[in-house]
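Peer 1: Pasting a structure below so you can have a look.
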Amino acid sequence: MRVQDLLGRMTVEEKVGQLMQLPAHFGDYTDKLEEWHIGSFLHCTGDNAVNLQRRAAETRLGIPLIFGIDAIHGHCFDNDSTVFPTQLSASSSWDKDLMYRMARITAKETRASGLHWTFSPVLCVARDARWGRVNETYGEDPWLIGELAAETIKGYQGPQGYDGESILACAKHYVAYGETLGGRDSYECDTSRRKLLSLFLPPFEKAVKEANVASLMTGYHAIDGIPCTVDKWLLTDVAKTQWGLDGFVVTDWENVRSLHTKQYVCADEKEACLRSLLAGNDMMMSTPEFYPLTLELIAEGRVDMSVVDEAVARVLKKKFELGLFDEMRFFAPDRSSTMGIQSHLNVSLEASLKSMVLLQNNGILPIDPNRTRKVLLIGPNADDVIAQLGDWSFGSMQAGATNDTYHRDQTVTVLQALRNAAQSYPFALEYIKGADCVDDGFSEIVQIEAAAATADLVIACVGDTLAQNGEFHDRADLTLSGQQQAMLEAVKRANAPLVVAFIASKPLTIPWIAENADALICGFNPGPFGGEAVKQVLFGEYNPGGKLTVSFPVHVGQIPVYYNKYTGWHAQNSARLNGEERYIDMPKDPLFSFGYGLSYSTFNYLSAQVQSDVIEPMQDVVVMVTLENDSDRDGTEIVQVYLRDLYSSVTTPIKRLCGFERVELAAGERREIRITIPFEQLALIDANLNKVVEAGEFHVMVGASSRDEALVTLPIRVTHDTAL
Ligand code: BGC
């Protein structure tokens, strides 16, 4: 009602302006607010937001601005905010409720800086560790991504509509952006509609249908030759018509211009504006020429006003829902009682703890304080705020980031945490940084070897840093960079027990560590309290329970290593390979697989069964597992259920995740867990692009990780073909 009324009073210029989103952090675009009737700015910080909003209120119709920002693991561009572990790191918790709570906090803090919309969550599927943006994802499994993303979106958008503590979410990058060739960011993606429907669209579908996400962001890349920006099937037919997106589509940065300047599918920028609009983009991020060129297109009769009206209506609807036309226009929760308050920081620590994945332990952990007199701490990431917090933590463009600027006060590095621990435990701590991740002017090998020779334990914090990940930073070589490896080898030469804390944006190839370290803890970018979390795991103050959501390759040439792979590789019959499907010069399995992670408790799967092994159409599959914590420590196990369709009309993966439960079991406790797999999850996309459950045998596999040896197989039979 109010949208239509307002639309009826708007000029053509005012309408086109509503479709514009321009940067507030550089250039002189904010000067254009009135002249171009701009509807949205991104990356607006400090007082800028309220000042611009005041100016917008004074325009002819007083249409409020909507401000977007990349608050992707906390409202990190604001130095007072609560930073969380990166999406990849936090996903290792497999904790949906935690996702929700982190998003609620981010929403409230974002709103406290006068902003209304986050470009989060990222629903890209991480299938190639060379890609620079793996850190932004929830890992490699499409179904898990959907589960975690839905909770995140609900958290941002709030339980009852947009109160003053909720923001719009944006599911991005639509779609299959993680599938570009060679892990090359924004490059061409060669995939089929069937694969889109099977793997890449489902998380977005869940975001729209189940979590009612307020916006989608169009990916930079092209799929099978068609840039997402001009793909009407994706933007309009699927997202808006089929799924019923109750929100709007925003392009990524300069997508419209790039159709002409980078992808060369439009001979000029005017054609780029025309095609972007007609495909279903409702807001154009950072293409200033969209304003004059679209006005020309309208004047020339090449764009029907109904197309513009529909896009404007979608944007205005969200502004109304946010209350920006009413009492919420200038509302912002009080900063001092909101930003970075203790209760929020506590959730960040909880996330860091739950994100820790113990990948290896020969019994050295937890550290026995009575037998440890001297601890040597080494490595580039032992005292590095930037590596600990990860990408998108340091303001727009992150140019000014140093270890002493953003979020320094909040952050507890491993060095700080161990220094504190040395006050209460009887060990002496020596710290030698040693190698850098990127700079190899490292000259402390001799000192490290000497110090290691007299240490009871060496803790090495290795990995990568900001300059090695993120947009524009794909890597061809995933080995430990700089002299990190040489530094670890020096410890080995000294025969010192070695515990590695892996603080990195994503999986790297670390077979030497797997072979030589006594223990390995993976935190990825574990957030401001990552150092504290590492310390708590080391000393057994916290019993780790995280599990990987992404597989670690042994070597870069082993990629792809995602667990949901196919059979049929011509390696099978080779006697030399013992019937294993693998490269002749590479092991079959990844170094560490999806779903893997250890605990200080021992979990036994005492029994596993399905409630019924004959499944009628629309009947759910119920899996029952008896789990026992056979140890004297309380602990967390993430029980996983996978599915394999044995014979089907199209090839299907050897297994795919279809259920899980994060179970906290007290020492000695035994419990029956029931996991329900909705019938719909047995479906595949057939050759005609229909979603069907095909009759026949399936294997339900239940256990501790995606590795075959960790799973018990339970056969079931579906009685009839069922179209969904
Ligand atoms: C990224 C998006 C981000 C946008 C705005 C782009 O370069 O791909 O993920 O939301 O910039 O900062």
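Naming works like this for the structure tokens: A, B, ... for the chains as they're shown, residue 1 at the start of each chain, ligands 1 onward in shown order.
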Identify all residues of stretch 47-260 of chain A in helix (DSSP H, G or I) (DSSP on the backbone) and supply them as number ranges by chain.
Peer 2: A: 48-57, 87-91, 96-112, 134-136, 142-157, 177-179, 181-183, 193-209, 228-230, 232-242, 255-260
Peer 1: Within 7 Å of ligand 1, which residues show up when you count only C-alpha atoms and all ligand atoms? List them as JSON, numbers by chain, please.
Peer 2: {"A": [69, 70, 119, 173, 252, 253]}
Peer 1: Show which residues sit within 8 Å of A:Thr338, as a PDB file with N, CA and C atoms, in the first residue's frame. Count only C-alpha atoms, and ignore same-chain residues fewer than 6 positions away.
Peer 2:
ATOM      1  N   LYS A 108      22.632  -6.154  16.072  1.00  0.00           N
ATOM      2  CA  LYS A 108      22.429  -5.073  17.038  1.00  0.00           C
ATOM      3  C   LYS A 108      23.578  -4.056  16.957  1.00  0.00           C
ATOM      4  N   GLU A 109      24.796  -4.563  16.832  1.00  0.00           N
ATOM      5  CA  GLU A 109      25.939  -3.653  16.783  1.00  0.00           C
ATOM      6  C   GLU A 109      25.974  -2.876  15.458  1.00  0.00           C
ATOM      7  N   ALA A 112      23.607  -0.194  15.753  1.00  0.00           N
ATOM      8  CA  ALA A 112      24.074   0.873  16.654  1.00  0.00           C
ATOM      9  C   ALA A 112      24.990   1.856  15.931  1.00  0.00           C
TER      10      ALA A 112
END
Peer 1: May I ask for the distance between atom CA of A:Tyr162 and atom CA of A:Leu322, given in Å to one decimal place?
Peer 2: 5.3 Å
Peer 1: Using atom CA of A:Arg419 and atom CA of A:Gln342 as the two end points, give the distance in Å to one decimal.
Peer 2: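 That distance, rounded to one decimal, is 22.1 Å.
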Peer 1: Mind pulling up the distance from atom CA of A:Leu197 to atom CA of A:Ser648?
Peer 2: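 Result for atom CA of A:Ser648 versus atom CA of A:Leu197: 16.7 Å, one decimal.
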Peer 1: Tell me which protein, DNA and RNA residues are within 10 Å of A:Gly164, counting only C-alpha atoms, leaving out same-chain ones fewer than 2 positions away, and put them as a ChimeraX atom specification.
Peer 2: /A:107-108,111-112,114,116,158,161-162,166-167,322-324,327-329,331-333
Peer 1: Please produce an output containing C-alpha atoms for each residue in the selection, written as a PDB file, in the first residue's frame.
Peer 2:
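What follows is the written file out00.pdb:
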ATOM      1  CA  ALA A 107      22.755  -7.084  13.875  1.00  0.00           C
ATOM      2  CA  LYS A 108      22.429  -5.073  17.038  1.00  0.00           C
ATOM      3  CA  ARG A 111      22.292  -1.040  13.894  1.00  0.00           C
ATOM      4  CA  ALA A 112      24.074   0.873  16.654  1.00  0.00           C
ATOM      5  CA  GLY A 114      23.122   3.589  12.057  1.00  0.00           C
ATOM      6  CA  HIS A 116      20.706  -1.566   8.279  1.00  0.00           C
ATOM      7  CA  GLY A 158      15.316 -11.049  13.993  1.00  0.00           C
ATOM      8  CA  GLY A 161      10.433  -8.620  11.820  1.00  0.00           C
ATOM      9  CA  TYR A 162      12.825  -5.755  11.866  1.00  0.00           C
ATOM     10  CA  SER A 166      17.723  -6.358  13.361  1.00  0.00           C
ATOM     11  CA  ILE A 167      19.188  -5.879   9.926  1.00  0.00           C
ATOM     12  CA  LEU A 322      12.804  -1.578   8.535  1.00  0.00           C
ATOM     13  CA  GLY A 323      10.704   1.307   9.788  1.00  0.00           C
ATOM     14  CA  LEU A 324      12.973   3.822   8.074  1.00  0.00           C
ATOM     15  CA  GLU A 327      10.285   6.087  13.986  1.00  0.00           C
ATOM     16  CA  MET A 328      13.317   4.006  12.973  1.00  0.00           C
ATOM     17  CA  ARG A 329      14.733   6.539  10.527  1.00  0.00           C
ATOM     18  CA  PHE A 331      17.033   5.068  15.559  1.00  0.00           C
ATOM     19  CA  ALA A 332      20.207   3.378  16.697  1.00  0.00           C
ATOM     20  CA  PRO A 333      20.693   1.360  19.876  1.00  0.00           C
TER      21      PRO A 333
END
Peer 1: List every residue of stretch 604-642 of chain A that DSSP, applied to the backbone, labels as strand (DSSP E or B), and write the result as a list in words.
Peer 2: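 Strand (DSSP E or B) members of stretch 604-642 of chain A, listed: Asn604, Tyr605, Leu606, Ser607, Ala608, Gln609, Val610, Val614, Ile615, Val621, Val622, Val623, Met624, Val625, Thr626, Leu627, Glu628, Asn629, Gly635, Thr636, Glu637, Ile638, Val639, Gln640, Val641 and Tyr642 of chain A.
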Peer 1: Smallest atom-to-atom distance to A:Leu711: which of A:Asn604, A:Asn420, A:Asn381, A:Gln681, using only C-alpha atoms?
Peer 2: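 Among A:Asn604, A:Asn420, A:Asn381, A:Gln681, it is A:Asn604 that comes nearest to A:Leu711.
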Peer 1: Would you list the contacts of stretch 656-663 of chain A as a PyMOL selection string, taking every protein, DNA or RNA residue within 6 Å and counting only C-alpha atoms, but skipping same-chain residues closer than 6 positions in sequence?
Peer 2: chain A and resi 564+636-643
Peer 1: Extract, using only C-alpha atoms, all DNA, RNA and protein residues at most 10 Å from A:Val134, discarding same-chain residues fewer than 2 positions from it, and format them as a list in words.
Peer 2: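 Contacts, with the query itself left out: Gln87, Leu88, Val122, Cys124, Val125, Ala126, Arg127, Asp128, Ala129, Arg130, Trp131, Gly132, Glu136, Thr137, Tyr138, Gly139, Glu140, Gly178, Gly183, Asn469, Gly470, Glu471, Asp474, Ser505, Lys506, Pro507 and Val550 of chain A.
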Peer 1: Restricting the calculation to only C-alpha atoms: of A:Cys170, A:Cys44, A:Val623, A:Leu689, which residue gets closest to A:Met701?
Peer 2: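 For A:Met701, the nearest of the candidates is A:Val623.
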Peer 1: Can you tell me which residues surround stretch 542-547 of chain A at a distance of at most 7 Å, considering only C-alpha atoms, apart from same-chain residues fewer than 2 positions away, and format the answer as a ChimeraX atom specification?
Peer 2: /A:92-93,354-358,536-537,540,549,595-600,635-637
Peer 1: Which one is closest to A:Glu680: A:Thr722, A:Ser424, A:Asn255, A:Thr567? Count only C-alpha atoms.
Peer 2: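 That would be A:Thr722, the residue with the smallest distance to A:Glu680.
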Peer 1: Between A:Leu245, A:Met20, A:Val534, A:Leu196, which residue has the minimum interatomic distance to A:Lys209, considering only C-alpha atoms?
Peer 2: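 Looking only at the distances to A:Lys209, the closest residue turns out to be A:Leu245.
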Peer 1: Can you work out which one of A:Asp589, A:Glu210, A:Asp224, A:Glu34 has the shortest atom-to-atom distance to A:Lys195, counting only C-alpha atoms?
Peer 2: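 Among A:Asp589, A:Glu210, A:Asp224, A:Glu34, it is A:Asp224 that comes nearest to A:Lys195.
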Peer 1: Which residue, A:Glu694, A:Asp185, A:Asp80, A:Glu179, has the smallest gap to A:Arg408 when you use only C-alpha atoms?
Peer 2: A:Asp80
